$ cat structure-v6.cif   # mmCIF, C-alpha atoms, pLDDT in the B column; chains and numbers go by the auth columns
data_run
loop_
_atom_site.group_PDB
_atom_site.id
_atom_site.type_symbol
_atom_site.label_atom_id
_atom_site.label_comp_id
_atom_site.label_asym_id
_atom_site.label_seq_id
_atom_site.Cartn_x
_atom_site.Cartn_y
_atom_site.Cartn_z
_atom_site.B_iso_or_equiv
_atom_site.auth_seq_id
_atom_site.auth_asym_id
ATOM 1 C CA MET A 1 86.119 83.981 -110.347 42.00 165 A
ATOM 2 C CA ASP A 2 84.597 87.431 -110.345 48.00 166 A
ATOM 3 C CA VAL A 3 83.907 87.223 -114.044 47.00 167 A
ATOM 4 C CA TYR A 4 82.113 83.985 -113.304 47.00 168 A
ATOM 5 C CA LYS A 5 80.062 85.722 -110.610 49.00 169 A
ATOM 6 C CA ILE A 6 79.144 88.459 -113.061 49.00 170 A
ATOM 7 C CA ILE A 7 78.101 85.879 -115.655 47.00 171 A
ATOM 8 C CA GLN A 8 76.072 84.022 -113.037 50.00 172 A
ATOM 9 C CA GLY A 9 74.348 87.251 -112.010 51.00 173 A
ATOM 10 C CA HIS A 10 73.701 88.108 -115.608 49.00 174 A
ATOM 11 C CA GLU A 11 72.145 84.703 -116.307 48.00 175 A
ATOM 12 C CA LYS A 12 69.949 85.110 -113.254 51.00 176 A
ATOM 13 C CA ASP A 13 68.869 88.550 -114.541 49.00 177 A
ATOM 14 C CA CYS A 14 68.048 87.028 -117.911 44.00 178 A
ATOM 15 C CA GLN A 15 65.810 84.477 -116.277 45.00 179 A
ATOM 16 C CA GLU A 16 64.021 87.056 -114.159 49.00 180 A
ATOM 17 C CA HIS A 17 63.559 89.799 -116.729 50.00 181 A
ATOM 18 C CA ALA A 18 64.958 90.990 -120.013 48.00 182 A
ATOM 19 C CA ALA A 19 68.674 91.716 -119.643 58.00 183 A
ATOM 20 C CA VAL A 20 69.344 95.436 -119.441 68.00 184 A
ATOM 21 C CA ASP A 21 72.755 97.060 -119.359 87.00 185 A
ATOM 22 C CA VAL A 22 73.676 98.558 -116.035 96.00 186 A
ATOM 23 C CA ILE A 23 74.072 102.359 -116.095 98.00 187 A
ATOM 24 C CA LYS A 24 77.403 103.080 -114.424 97.00 188 A
ATOM 25 C CA VAL A 25 77.662 106.379 -112.575 98.00 189 A
ATOM 26 C CA SER A 26 80.815 108.116 -111.362 97.00 190 A
ATOM 27 C CA ASN A 27 81.219 111.172 -109.152 97.00 191 A
ATOM 28 C CA ARG A 28 81.835 113.165 -112.337 97.00 192 A
ATOM 29 C CA SER A 29 78.605 112.023 -114.036 97.00 193 A
ATOM 30 C CA ARG A 30 76.074 114.787 -114.636 97.00 194 A
ATOM 31 C CA SER A 31 72.929 113.774 -112.793 97.00 195 A
ATOM 32 C CA THR A 32 70.641 115.191 -115.502 97.00 196 A
ATOM 33 C CA ALA A 33 72.431 113.127 -118.178 98.00 197 A
ATOM 34 C CA VAL A 34 72.170 109.989 -116.044 98.00 198 A
ATOM 35 C CA ALA A 35 68.495 110.822 -115.412 98.00 199 A
ATOM 36 C CA GLY A 36 67.892 110.947 -119.174 98.00 200 A
ATOM 37 C CA ALA A 37 69.547 107.551 -119.576 98.00 201 A
ATOM 38 C CA ILE A 38 67.475 106.046 -116.743 98.00 202 A
ATOM 39 C CA ALA A 39 64.231 107.423 -118.190 98.00 203 A
ATOM 40 C CA GLY A 40 65.118 106.089 -121.659 97.00 204 A
ATOM 41 C CA VAL A 41 65.933 102.593 -120.385 97.00 205 A
ATOM 42 C CA VAL A 42 62.777 102.469 -118.208 97.00 206 A
ATOM 43 C CA ARG A 43 60.612 103.570 -121.165 97.00 207 A
ATOM 44 C CA GLU A 44 62.177 100.907 -123.417 96.00 208 A
ATOM 45 C CA HIS A 45 62.721 98.002 -121.005 96.00 209 A
ATOM 46 C CA GLY A 46 60.347 98.741 -118.100 96.00 210 A
ATOM 47 C CA ARG A 47 63.206 98.985 -115.588 97.00 211 A
ATOM 48 C CA ALA A 48 66.761 100.269 -115.224 98.00 212 A
ATOM 49 C CA GLU A 49 69.730 99.505 -112.988 98.00 213 A
ATOM 50 C CA VAL A 50 72.224 102.128 -111.866 98.00 214 A
ATOM 51 C CA GLN A 51 75.587 101.247 -110.316 98.00 215 A
ATOM 52 C CA ALA A 52 77.772 103.553 -108.232 98.00 216 A
ATOM 53 C CA ILE A 53 80.956 103.102 -106.214 97.00 217 A
ATOM 54 C CA GLY A 54 81.868 105.680 -103.586 96.00 218 A
ATOM 55 C CA ALA A 55 79.979 108.504 -101.921 97.00 219 A
ATOM 56 C CA GLY A 56 80.250 110.992 -104.798 98.00 220 A
ATOM 57 C CA ALA A 57 78.963 108.477 -107.327 98.00 221 A
ATOM 58 C CA VAL A 58 76.122 107.279 -105.090 98.00 222 A
ATOM 59 C CA ASN A 59 75.066 110.902 -104.566 98.00 223 A
ATOM 60 C CA GLN A 60 74.958 111.536 -108.336 98.00 224 A
ATOM 61 C CA ALA A 61 73.032 108.280 -108.853 98.00 225 A
ATOM 62 C CA VAL A 62 70.362 109.139 -106.258 98.00 226 A
ATOM 63 C CA LYS A 63 69.968 112.659 -107.632 98.00 227 A
ATOM 64 C CA ALA A 64 69.616 111.154 -111.123 98.00 228 A
ATOM 65 C CA VAL A 65 66.854 108.826 -109.917 98.00 229 A
ATOM 66 C CA ALA A 66 64.993 111.765 -108.337 98.00 230 A
ATOM 67 C CA ILE A 67 65.235 113.700 -111.621 98.00 231 A
ATOM 68 C CA ALA A 68 64.288 110.655 -113.760 98.00 232 A
ATOM 69 C CA ARG A 69 61.250 110.174 -111.539 98.00 233 A
ATOM 70 C CA GLY A 70 60.061 113.623 -112.629 97.00 234 A
ATOM 71 C CA TYR A 71 60.704 112.875 -116.319 97.00 235 A
ATOM 72 C CA LEU A 72 58.801 109.575 -116.112 98.00 236 A
ATOM 73 C CA LEU A 73 55.883 111.018 -114.123 97.00 237 A
ATOM 74 C CA GLU A 74 55.267 113.238 -117.175 96.00 238 A
ATOM 75 C CA ASP A 75 54.736 109.974 -119.113 95.00 239 A
ATOM 76 C CA GLY A 76 52.447 108.621 -116.395 97.00 240 A
ATOM 77 C CA ILE A 77 55.094 106.188 -115.119 97.00 241 A
ATOM 78 C CA GLU A 78 55.720 106.349 -111.361 97.00 242 A
ATOM 79 C CA VAL A 79 59.025 104.709 -110.533 98.00 243 A
ATOM 80 C CA VAL A 80 60.509 103.725 -107.197 98.00 244 A
ATOM 81 C CA SER A 81 64.038 102.712 -106.356 98.00 245 A
ATOM 82 C CA VAL A 82 65.330 99.552 -104.686 98.00 246 A
ATOM 83 C CA PRO A 83 68.894 99.891 -103.399 97.00 247 A
ATOM 84 C CA PHE A 84 71.148 96.890 -102.791 97.00 248 A
ATOM 85 C CA PHE A 85 74.835 96.100 -102.440 97.00 249 A
ATOM 86 C CA THR A 86 76.823 94.091 -104.922 97.00 250 A
ATOM 87 C CA ASP A 87 80.480 93.045 -104.850 96.00 251 A
ATOM 88 C CA ILE A 88 82.395 93.739 -108.015 94.00 252 A
ATOM 89 C CA ASP A 89 85.969 93.219 -109.113 94.00 253 A
ATOM 90 C CA ILE A 90 88.009 96.235 -110.226 91.00 254 A
ATOM 91 C CA ASP A 91 91.558 95.443 -111.319 93.00 255 A
ATOM 92 C CA GLY A 92 91.687 92.460 -108.974 94.00 256 A
ATOM 93 C CA GLN A 93 90.322 94.413 -105.973 94.00 257 A
ATOM 94 C CA GLU A 94 86.920 93.597 -104.573 95.00 258 A
ATOM 95 C CA ARG A 95 84.790 96.713 -104.136 94.00 259 A
ATOM 96 C CA THR A 96 81.256 97.067 -102.865 96.00 260 A
ATOM 97 C CA ALA A 97 79.026 98.895 -105.290 97.00 261 A
ATOM 98 C CA VAL A 98 75.568 100.298 -104.631 98.00 262 A
ATOM 99 C CA ARG A 99 72.980 99.305 -107.209 98.00 263 A
ATOM 100 C CA LEU A 100 69.672 101.091 -107.576 98.00 264 A
ATOM 101 C CA VAL A 101 66.928 99.254 -109.412 98.00 265 A
ATOM 102 C CA VAL A 102 64.499 101.770 -110.890 98.00 266 A
ATOM 103 C CA GLU A 103 61.120 100.303 -111.764 97.00 267 A
ATOM 104 C CA PRO A 104 57.413 101.159 -111.701 96.00 268 A
ATOM 105 C CA ARG A 105 55.805 100.994 -108.271 90.00 269 A
ATOM 106 C CA MET B 1 59.792 132.084 -94.828 42.00 215 B
ATOM 107 C CA ASP B 2 61.584 128.780 -94.714 48.00 216 B
ATOM 108 C CA VAL B 3 60.085 127.915 -91.368 47.00 217 B
ATOM 109 C CA TYR B 4 56.719 128.603 -92.958 47.00 218 B
ATOM 110 C CA LYS B 5 57.589 126.266 -95.814 49.00 219 B
ATOM 111 C CA ILE B 6 58.546 123.549 -93.344 49.00 220 B
ATOM 112 C CA ILE B 7 55.266 124.028 -91.449 47.00 221 B
ATOM 113 C CA GLN B 8 53.342 123.930 -94.741 50.00 222 B
ATOM 114 C CA GLY B 9 55.097 120.715 -95.715 51.00 223 B
ATOM 115 C CA HIS B 10 54.429 119.252 -92.305 49.00 224 B
ATOM 116 C CA GLU B 11 50.732 120.088 -92.507 48.00 225 B
ATOM 117 C CA LYS B 12 50.573 118.509 -95.956 51.00 226 B
ATOM 118 C CA ASP B 13 52.241 115.375 -94.559 49.00 227 B
ATOM 119 C CA CYS B 14 49.689 115.263 -91.753 44.00 228 B
ATOM 120 C CA GLN B 15 46.857 115.377 -94.239 45.00 229 B
ATOM 121 C CA GLU B 16 48.356 112.644 -96.409 49.00 230 B
ATOM 122 C CA HIS B 17 49.538 110.274 -93.707 50.00 231 B
ATOM 123 C CA ALA B 18 50.392 110.191 -90.034 48.00 232 B
ATOM 124 C CA ALA B 19 53.153 112.692 -89.310 58.00 233 B
ATOM 125 C CA VAL B 20 56.492 110.968 -88.832 68.00 234 B
ATOM 126 C CA ASP B 21 59.722 112.620 -87.753 87.00 235 B
ATOM 127 C CA VAL B 22 62.314 112.827 -90.486 96.00 236 B
ATOM 128 C CA ILE B 23 65.462 110.770 -89.816 98.00 237 B
ATOM 129 C CA LYS B 24 68.385 113.117 -90.422 97.00 238 B
ATOM 130 C CA VAL B 25 71.577 111.506 -91.688 98.00 239 B
ATOM 131 C CA SER B 26 75.063 113.037 -91.771 97.00 240 B
ATOM 132 C CA ASN B 27 78.245 111.742 -93.362 97.00 241 B
ATOM 133 C CA ARG B 28 79.296 110.566 -89.883 97.00 242 B
ATOM 134 C CA SER B 29 76.096 108.555 -89.291 97.00 243 B
ATOM 135 C CA ARG B 30 76.615 104.807 -89.040 97.00 244 B
ATOM 136 C CA SER B 31 74.517 103.235 -91.781 97.00 245 B
ATOM 137 C CA THR B 32 73.569 100.227 -89.616 97.00 246 B
ATOM 138 C CA ALA B 33 72.289 102.544 -86.857 98.00 247 B
ATOM 139 C CA VAL B 34 70.285 104.563 -89.376 98.00 248 B
ATOM 140 C CA ALA B 35 68.982 101.294 -90.848 98.00 249 B
ATOM 141 C CA GLY B 36 67.707 100.250 -87.413 98.00 250 B
ATOM 142 C CA ALA B 37 65.938 103.592 -87.035 98.00 251 B
ATOM 143 C CA ILE B 38 64.351 103.285 -90.481 98.00 252 B
ATOM 144 C CA ALA B 39 63.159 99.736 -89.788 98.00 253 B
ATOM 145 C CA GLY B 40 61.702 100.789 -86.421 97.00 254 B
ATOM 146 C CA VAL B 41 59.820 103.758 -87.880 97.00 255 B
ATOM 147 C CA VAL B 42 58.480 101.679 -90.806 97.00 256 B
ATOM 148 C CA ARG B 43 57.294 98.944 -88.422 97.00 257 B
ATOM 149 C CA GLU B 44 55.538 101.514 -86.217 96.00 258 B
ATOM 150 C CA HIS B 45 54.245 104.044 -88.753 96.00 259 B
ATOM 151 C CA GLY B 46 54.249 102.132 -92.060 96.00 260 B
ATOM 152 C CA ARG B 47 56.738 104.523 -93.651 97.00 261 B
ATOM 153 C CA ALA B 48 59.869 106.535 -92.892 98.00 262 B
ATOM 154 C CA GLU B 49 61.596 109.594 -94.328 98.00 263 B
ATOM 155 C CA VAL B 50 65.358 110.039 -94.390 98.00 264 B
ATOM 156 C CA GLN B 51 67.027 113.389 -95.068 98.00 265 B
ATOM 157 C CA ALA B 52 70.628 113.912 -96.173 98.00 266 B
ATOM 158 C CA ILE B 53 72.647 116.925 -97.304 97.00 267 B
ATOM 159 C CA GLY B 54 75.870 116.383 -99.224 96.00 268 B
ATOM 160 C CA ALA B 55 77.411 113.383 -100.954 97.00 269 B
ATOM 161 C CA GLY B 56 78.726 111.682 -97.821 98.00 270 B
ATOM 162 C CA ALA B 57 75.369 111.918 -96.068 98.00 271 B
ATOM 163 C CA VAL B 58 73.400 110.756 -99.127 98.00 272 B
ATOM 164 C CA ASN B 59 75.734 107.757 -99.431 98.00 273 B
ATOM 165 C CA GLN B 60 75.154 106.782 -95.783 98.00 274 B
ATOM 166 C CA ALA B 61 71.397 107.249 -96.239 98.00 275 B
ATOM 167 C CA VAL B 62 71.215 104.989 -99.311 98.00 276 B
ATOM 168 C CA LYS B 63 73.340 102.315 -97.637 98.00 277 B
ATOM 169 C CA ALA B 64 71.047 102.519 -94.593 98.00 278 B
ATOM 170 C CA VAL B 65 67.973 102.000 -96.800 98.00 279 B
ATOM 171 C CA ALA B 66 69.595 98.937 -98.418 98.00 280 B
ATOM 172 C CA ILE B 67 70.353 97.484 -94.966 98.00 281 B
ATOM 173 C CA ALA B 68 66.895 98.370 -93.572 98.00 282 B
ATOM 174 C CA ARG B 69 65.369 96.613 -96.578 98.00 283 B
ATOM 175 C CA GLY B 70 67.049 93.408 -95.399 97.00 284 B
ATOM 176 C CA TYR B 71 65.851 93.883 -91.813 97.00 285 B
ATOM 177 C CA LEU B 72 62.264 94.486 -92.938 98.00 286 B
ATOM 178 C CA LEU B 73 62.235 91.606 -95.423 97.00 287 B
ATOM 179 C CA GLU B 74 62.765 89.344 -92.384 96.00 288 B
ATOM 180 C CA ASP B 75 59.419 90.690 -91.110 95.00 289 B
ATOM 181 C CA GLY B 76 57.787 90.124 -94.495 97.00 290 B
ATOM 182 C CA ILE B 77 57.778 93.854 -95.335 97.00 291 B
ATOM 183 C CA GLU B 78 59.271 94.727 -98.733 97.00 292 B
ATOM 184 C CA VAL B 79 60.122 98.410 -98.844 98.00 293 B
ATOM 185 C CA VAL B 80 61.098 100.604 -101.758 98.00 294 B
ATOM 186 C CA SER B 81 62.570 104.078 -101.757 98.00 295 B
ATOM 187 C CA VAL B 82 61.313 107.258 -103.412 98.00 296 B
ATOM 188 C CA PRO B 83 63.981 109.977 -103.648 97.00 297 B
ATOM 189 C CA PHE B 84 63.120 113.647 -104.028 97.00 298 B
ATOM 190 C CA PHE B 85 64.720 117.038 -103.469 97.00 299 B
ATOM 191 C CA THR B 86 63.643 119.493 -100.845 97.00 300 B
ATOM 192 C CA ASP B 87 64.961 122.981 -100.075 96.00 301 B
ATOM 193 C CA ILE B 88 65.756 123.614 -96.458 94.00 302 B
ATOM 194 C CA ASP B 89 67.106 126.558 -94.521 94.00 303 B
ATOM 195 C CA ILE B 90 70.301 126.127 -92.505 91.00 304 B
ATOM 196 C CA ASP B 91 71.460 129.232 -90.627 93.00 305 B
ATOM 197 C CA GLY B 92 69.838 131.472 -93.256 94.00 306 B
ATOM 198 C CA GLN B 93 71.385 129.616 -96.206 94.00 307 B
ATOM 199 C CA GLU B 94 69.166 127.660 -98.552 95.00 308 B
ATOM 200 C CA ARG B 95 70.463 124.135 -99.115 94.00 309 B
ATOM 201 C CA THR B 96 69.053 121.348 -101.220 96.00 310 B
ATOM 202 C CA ALA B 97 68.543 118.166 -99.266 97.00 311 B
ATOM 203 C CA VAL B 98 67.800 114.716 -100.631 98.00 312 B
ATOM 204 C CA ARG B 99 64.859 112.982 -99.001 98.00 313 B
ATOM 205 C CA LEU B 100 64.242 109.286 -99.296 98.00 314 B
ATOM 206 C CA VAL B 101 60.748 108.054 -98.521 98.00 315 B
ATOM 207 C CA VAL B 102 60.898 104.414 -97.433 98.00 316 B
ATOM 208 C CA GLU B 103 57.597 102.596 -97.694 97.00 317 B
ATOM 209 C CA PRO B 104 56.140 99.223 -98.642 96.00 318 B
ATOM 210 C CA ARG B 105 55.999 98.541 -102.355 90.00 319 B
#

$ encode --input "structure-v6.cif" --output "structure tokens"
Amino acid sequence: MDVYKIIQGHEKDCQEHAAVDVIKVSNRSRSTAVAGAIAGVVREHGRAEVQAIGAGAVNQAVKAVAIARGYLLEDGIEVVSVPFFTDIDIDGQERTAVRLVVEPR
Amino acid sequence: MDVYKIIQGHEKDCQEHAAVDVIKVSNRSRSTAVAGAIAGVVREHGRAEVQAIGAGAVNQAVKAVAIARGYLLEDGIEVVSVPFFTDIDIDGQERTAVRLVVEPR
């Protein structure tokens, strides 16, 4: 069922904009490395999505977006972030993840 | 020195847009309560700023922005978030806070 939800979401993404892999962030992710990934995906695809579960991961994700914003401003791209919740399935347990869409203002 | 920095920042804010109190979030803040505050400030002043120090507080702040986004969409206001770092002084110790500007796209 959750796989189906993911596929549904993915199809919806495909309709709305080019499908882009979600950047998954953990509490052990280096925020500068995640920032580099975000900047790369935004430069190539025009937008990026970052997913984090738990306070430590969300903190790293937000810091990464702040850093990526600086990287992209150097290229003349001013990005903003749109946070939303999404339910995902991890080993049969439903968890609420925070997603941050990063896209030009 | 840090007080001076804060005053400088405040004066800059005043020049750029109407001065708005920063909403300070801790790891014990309820995200729905913070969301209500954000929505109220955005409705009244057109923008809000949220400040958080530490992973737990940043997590609550981001969740609050996601919830406030829903509240404001009901009023036809679509907000985005712009994260940045700011150095603040707490009892003589310099800490890095995360600020989230919440404003219409």

$ calpha_fit_and_write --input "structure-v6.cif" --fixed "chain A" --moving "chain B" --output "short mmCIF file (atom, residue, chain, number, x, y, z; two decimals) with C-alpha atoms, in the frame of the given file"
data_model
loop_
_atom_site.label_atom_id
_atom_site.label_comp_id
_atom_site.auth_asym_id
_atom_site.auth_seq_id
_atom_site.Cartn_x
_atom_site.Cartn_y
_atom_site.Cartn_z
CA MET B 215 85.99 84.09 -110.11
CA ASP B 216 84.49 87.54 -110.16
CA VAL B 217 83.86 87.36 -113.87
CA TYR B 218 82.03 84.12 -113.17
CA LYS B 219 79.96 85.86 -110.51
CA ILE B 220 79.07 88.61 -112.96
CA ILE B 221 78.06 86.03 -115.60
CA GLN B 222 76.00 84.16 -112.98
CA GLY B 223 74.26 87.38 -112.00
CA HIS B 224 73.65 88.23 -115.62
CA GLU B 225 72.13 84.83 -116.32
CA LYS B 226 69.89 85.22 -113.27
CA ASP B 227 68.80 88.64 -114.56
CA CYS B 228 67.99 87.11 -117.94
CA GLN B 229 65.79 84.52 -116.32
CA GLU B 230 63.96 87.08 -114.19
CA HIS B 231 63.52 89.82 -116.76
CA ALA B 232 64.93 91.03 -120.05
CA ALA B 233 68.64 91.71 -119.67
CA VAL B 234 69.35 95.43 -119.45
CA ASP B 235 72.77 97.05 -119.40
CA VAL B 236 73.69 98.55 -116.06
CA ILE B 237 74.08 102.35 -116.12
CA LYS B 238 77.42 103.08 -114.45
CA VAL B 239 77.66 106.37 -112.59
CA SER B 240 80.83 108.11 -111.37
CA ASN B 241 81.23 111.16 -109.16
CA ARG B 242 81.85 113.17 -112.35
CA SER B 243 78.61 112.02 -114.04
CA ARG B 244 76.08 114.78 -114.62
CA SER B 245 72.92 113.76 -112.78
CA THR B 246 70.63 115.18 -115.49
CA ALA B 247 72.42 113.13 -118.17
CA VAL B 248 72.16 109.99 -116.04
CA ALA B 249 68.49 110.81 -115.41
CA GLY B 250 67.87 110.93 -119.17
CA ALA B 251 69.54 107.54 -119.57
CA ILE B 252 67.47 106.04 -116.75
CA ALA B 253 64.23 107.41 -118.19
CA GLY B 254 65.11 106.09 -121.66
CA VAL B 255 65.93 102.60 -120.39
CA VAL B 256 62.77 102.45 -118.23
CA ARG B 257 60.61 103.55 -121.18
CA GLU B 258 62.18 100.90 -123.42
CA HIS B 259 62.72 97.99 -121.02
CA GLY B 260 60.36 98.73 -118.11
CA ARG B 261 63.22 98.96 -115.62
CA ALA B 262 66.77 100.24 -115.24
CA GLU B 263 69.75 99.49 -113.01
CA VAL B 264 72.24 102.11 -111.88
CA GLN B 265 75.61 101.23 -110.35
CA ALA B 266 77.79 103.55 -108.25
CA ILE B 267 80.97 103.09 -106.24
CA GLY B 268 81.89 105.66 -103.61
CA ALA B 269 79.99 108.48 -101.93
CA GLY B 270 80.27 110.97 -104.79
CA ALA B 271 78.99 108.46 -107.33
CA VAL B 272 76.14 107.25 -105.10
CA ASN B 273 75.08 110.87 -104.56
CA GLN B 274 74.97 111.52 -108.33
CA ALA B 275 73.05 108.26 -108.84
CA VAL B 276 70.38 109.11 -106.25
CA LYS B 277 69.97 112.63 -107.62
CA ALA B 278 69.63 111.14 -111.12
CA VAL B 279 66.87 108.79 -109.91
CA ALA B 280 65.00 111.73 -108.32
CA ILE B 281 65.23 113.68 -111.60
CA ALA B 282 64.30 110.64 -113.75
CA ARG B 283 61.27 110.14 -111.52
CA GLY B 284 60.06 113.59 -112.61
CA TYR B 285 60.70 112.85 -116.29
CA LEU B 286 58.81 109.55 -116.10
CA LEU B 287 55.90 110.98 -114.11
CA GLU B 288 55.26 113.20 -117.16
CA ASP B 289 54.73 109.95 -119.11
CA GLY B 290 52.45 108.58 -116.39
CA ILE B 291 55.11 106.15 -115.11
CA GLU B 292 55.73 106.31 -111.35
CA VAL B 293 59.04 104.67 -110.54
CA VAL B 294 60.52 103.67 -107.21
CA SER B 295 64.06 102.66 -106.37
CA VAL B 296 65.36 99.49 -104.72
CA PRO B 297 68.93 99.84 -103.42
CA PHE B 298 71.17 96.85 -102.82
CA PHE B 299 74.87 96.06 -102.48
CA THR B 300 76.85 94.06 -104.96
CA ASP B 301 80.51 93.02 -104.89
CA ILE B 302 82.42 93.73 -108.04
CA ASP B 303 85.99 93.21 -109.15
CA ILE B 304 88.03 96.22 -110.26
CA ASP B 305 91.60 95.44 -111.34
CA GLY B 306 91.70 92.45 -108.98
CA GLN B 307 90.37 94.40 -105.99
CA GLU B 308 86.95 93.58 -104.60
CA ARG B 309 84.82 96.69 -104.17
CA THR B 310 81.29 97.04 -102.90
CA ALA B 311 79.06 98.88 -105.31
CA VAL B 312 75.59 100.26 -104.66
CA ARG B 313 73.00 99.28 -107.23
CA LEU B 314 69.70 101.05 -107.59
CA VAL B 315 66.95 99.22 -109.43
CA VAL B 316 64.51 101.74 -110.90
CA GLU B 317 61.14 100.28 -111.78
CA PRO B 318 57.44 101.11 -111.70
CA ARG B 319 55.84 100.93 -108.28
#

$ atom_distance --input "structure-v6.cif" --atom1 "atom CA of Ala203 of chain A" --atom2 "atom CA of Phe298 of chain B"
15.5 Å

$ resolve_selection --input "structure-v6.cif" --expression "the PyMOL selection byres ((chain B and resi 261) around 9)" --output "list in words"
Val234, Ile252, Ala253, Val255, Val256, Arg257, Glu258, His259, Gly260, Ala262, Glu263, Val293, Val315, Val316, Glu317 and Pro318 of chain B

$ residues_near_point --input "structure-v6.cif" --point "(76.8, 107.3, -102.5)" --cutoff "12 Å" --atoms "only C-alpha atoms" --output "JSON, numbers by chain"
{"A": [189, 190, 191, 214, 215, 216, 217, 218, 219, 220, 221, 222, 223, 224, 225, 226, 227, 228, 247, 248, 249, 260, 261, 262, 263, 264], "B": [241, 245, 266, 267, 268, 269, 270, 271, 272, 273, 274, 275, 276, 277, 278, 279, 280, 312]}

$ write_last_selection --input "structure-v6.cif" --atoms "C-alpha atoms" --output "PDB file, keeping the file's coordinate frame"
ATOM      1  CA  VAL A 189      77.662 106.379-112.575  1.00 98.00           C
ATOM      2  CA  SER A 190      80.815 108.116-111.362  1.00 97.00           C
ATOM      3  CA  ASN A 191      81.219 111.172-109.152  1.00 97.00           C
ATOM      4  CA  VAL A 214      72.224 102.128-111.866  1.00 98.00           C
ATOM      5  CA  GLN A 215      75.587 101.247-110.316  1.00 98.00           C
ATOM      6  CA  ALA A 216      77.772 103.553-108.232  1.00 98.00           C
ATOM      7  CA  ILE A 217      80.956 103.102-106.214  1.00 97.00           C
ATOM      8  CA  GLY A 218      81.868 105.680-103.586  1.00 96.00           C
ATOM      9  CA  ALA A 219      79.979 108.504-101.921  1.00 97.00           C
ATOM     10  CA  GLY A 220      80.250 110.992-104.798  1.00 98.00           C
ATOM     11  CA  ALA A 221      78.963 108.477-107.327  1.00 98.00           C
ATOM     12  CA  VAL A 222      76.122 107.279-105.090  1.00 98.00           C
ATOM     13  CA  ASN A 223      75.066 110.902-104.566  1.00 98.00           C
ATOM     14  CA  GLN A 224      74.958 111.536-108.336  1.00 98.00           C
ATOM     15  CA  ALA A 225      73.032 108.280-108.853  1.00 98.00           C
ATOM     16  CA  VAL A 226      70.362 109.139-106.258  1.00 98.00           C
ATOM     17  CA  LYS A 227      69.968 112.659-107.632  1.00 98.00           C
ATOM     18  CA  ALA A 228      69.616 111.154-111.123  1.00 98.00           C
ATOM     19  CA  PRO A 247      68.894  99.891-103.399  1.00 97.00           C
ATOM     20  CA  PHE A 248      71.148  96.890-102.791  1.00 97.00           C
ATOM     21  CA  PHE A 249      74.835  96.100-102.440  1.00 97.00           C
ATOM     22  CA  THR A 260      81.256  97.067-102.865  1.00 96.00           C
ATOM     23  CA  ALA A 261      79.026  98.895-105.290  1.00 97.00           C
ATOM     24  CA  VAL A 262      75.568 100.298-104.631  1.00 98.00           C
ATOM     25  CA  ARG A 263      72.980  99.305-107.209  1.00 98.00           C
ATOM     26  CA  LEU A 264      69.672 101.091-107.576  1.00 98.00           C
TER      27      LEU A 264
ATOM     28  CA  ASN B 241      78.245 111.742 -93.362  1.00 97.00           C
ATOM     29  CA  SER B 245      74.517 103.235 -91.781  1.00 97.00           C
ATOM     30  CA  ALA B 266      70.628 113.912 -96.173  1.00 98.00           C
ATOM     31  CA  ILE B 267      72.647 116.925 -97.304  1.00 97.00           C
ATOM     32  CA  GLY B 268      75.870 116.383 -99.224  1.00 96.00           C
ATOM     33  CA  ALA B 269      77.411 113.383-100.954  1.00 97.00           C
ATOM     34  CA  GLY B 270      78.726 111.682 -97.821  1.00 98.00           C
ATOM     35  CA  ALA B 271      75.369 111.918 -96.068  1.00 98.00           C
ATOM     36  CA  VAL B 272      73.400 110.756 -99.127  1.00 98.00           C
ATOM     37  CA  ASN B 273      75.734 107.757 -99.431  1.00 98.00           C
ATOM     38  CA  GLN B 274      75.154 106.782 -95.783  1.00 98.00           C
ATOM     39  CA  ALA B 275      71.397 107.249 -96.239  1.00 98.00           C
ATOM     40  CA  VAL B 276      71.215 104.989 -99.311  1.00 98.00           C
ATOM     41  CA  LYS B 277      73.340 102.315 -97.637  1.00 98.00           C
ATOM     42  CA  ALA B 278      71.047 102.519 -94.593  1.00 98.00           C
ATOM     43  CA  VAL B 279      67.973 102.000 -96.800  1.00 98.00           C
ATOM     44  CA  ALA B 280      69.595  98.937 -98.418  1.00 98.00           C
ATOM     45  CA  VAL B 312      67.800 114.716-100.631  1.00 98.00           C
TER      46      VAL B 312
END

$ atom_distance --input "structure-v6.cif" --atom1 "atom CA of Ile237 of chain B" --atom2 "atom CA of Thr250 of chain A"
25.2 Å

$ axis_aligned_box --input "structure-v6.cif" --around "segment 308-311 of chain B" --padding-each-side "6 Å" --output "lines of an AutoDock Vina configuration file"
center_x = 69.5
center_y = 122.9
center_z = -99.9
size_x = 13.9
size_y = 21.5
size_z = 14.7

$ closest_residue --input "structure-v6.cif" --among "A:Ala232, A:Thr196, A:Ile252, A:Ile241" --to "chain B" --atoms "all atoms listed in the file"
A:Ala232

$ atom_distance --input "structure-v6.cif" --atom1 "atom CA of Asp185 of chain A" --atom2 "atom CA of Leu287 of chain B"
26.7 Å

$ closest_residue --input "structure-v6.cif" --among "B:Arg244, B:Arg319, B:Arg283, B:Arg309" --to "Val296 of chain B" --atoms "all atoms listed in the file"
B:Arg319

$ closest_residue --input "structure-v6.cif" --among "B:Ser295, B:Gly284, B:Arg242, B:Asp305" --to "chain A" --atoms "only C-alpha atoms"
B:Ser295

$ closest_residue --input "structure-v6.cif" --among "A:Ile254, A:Ile231, A:Leu236, A:Val244" --to "Ala199 of chain A" --atoms "only C-alpha atoms"
A:Ile231
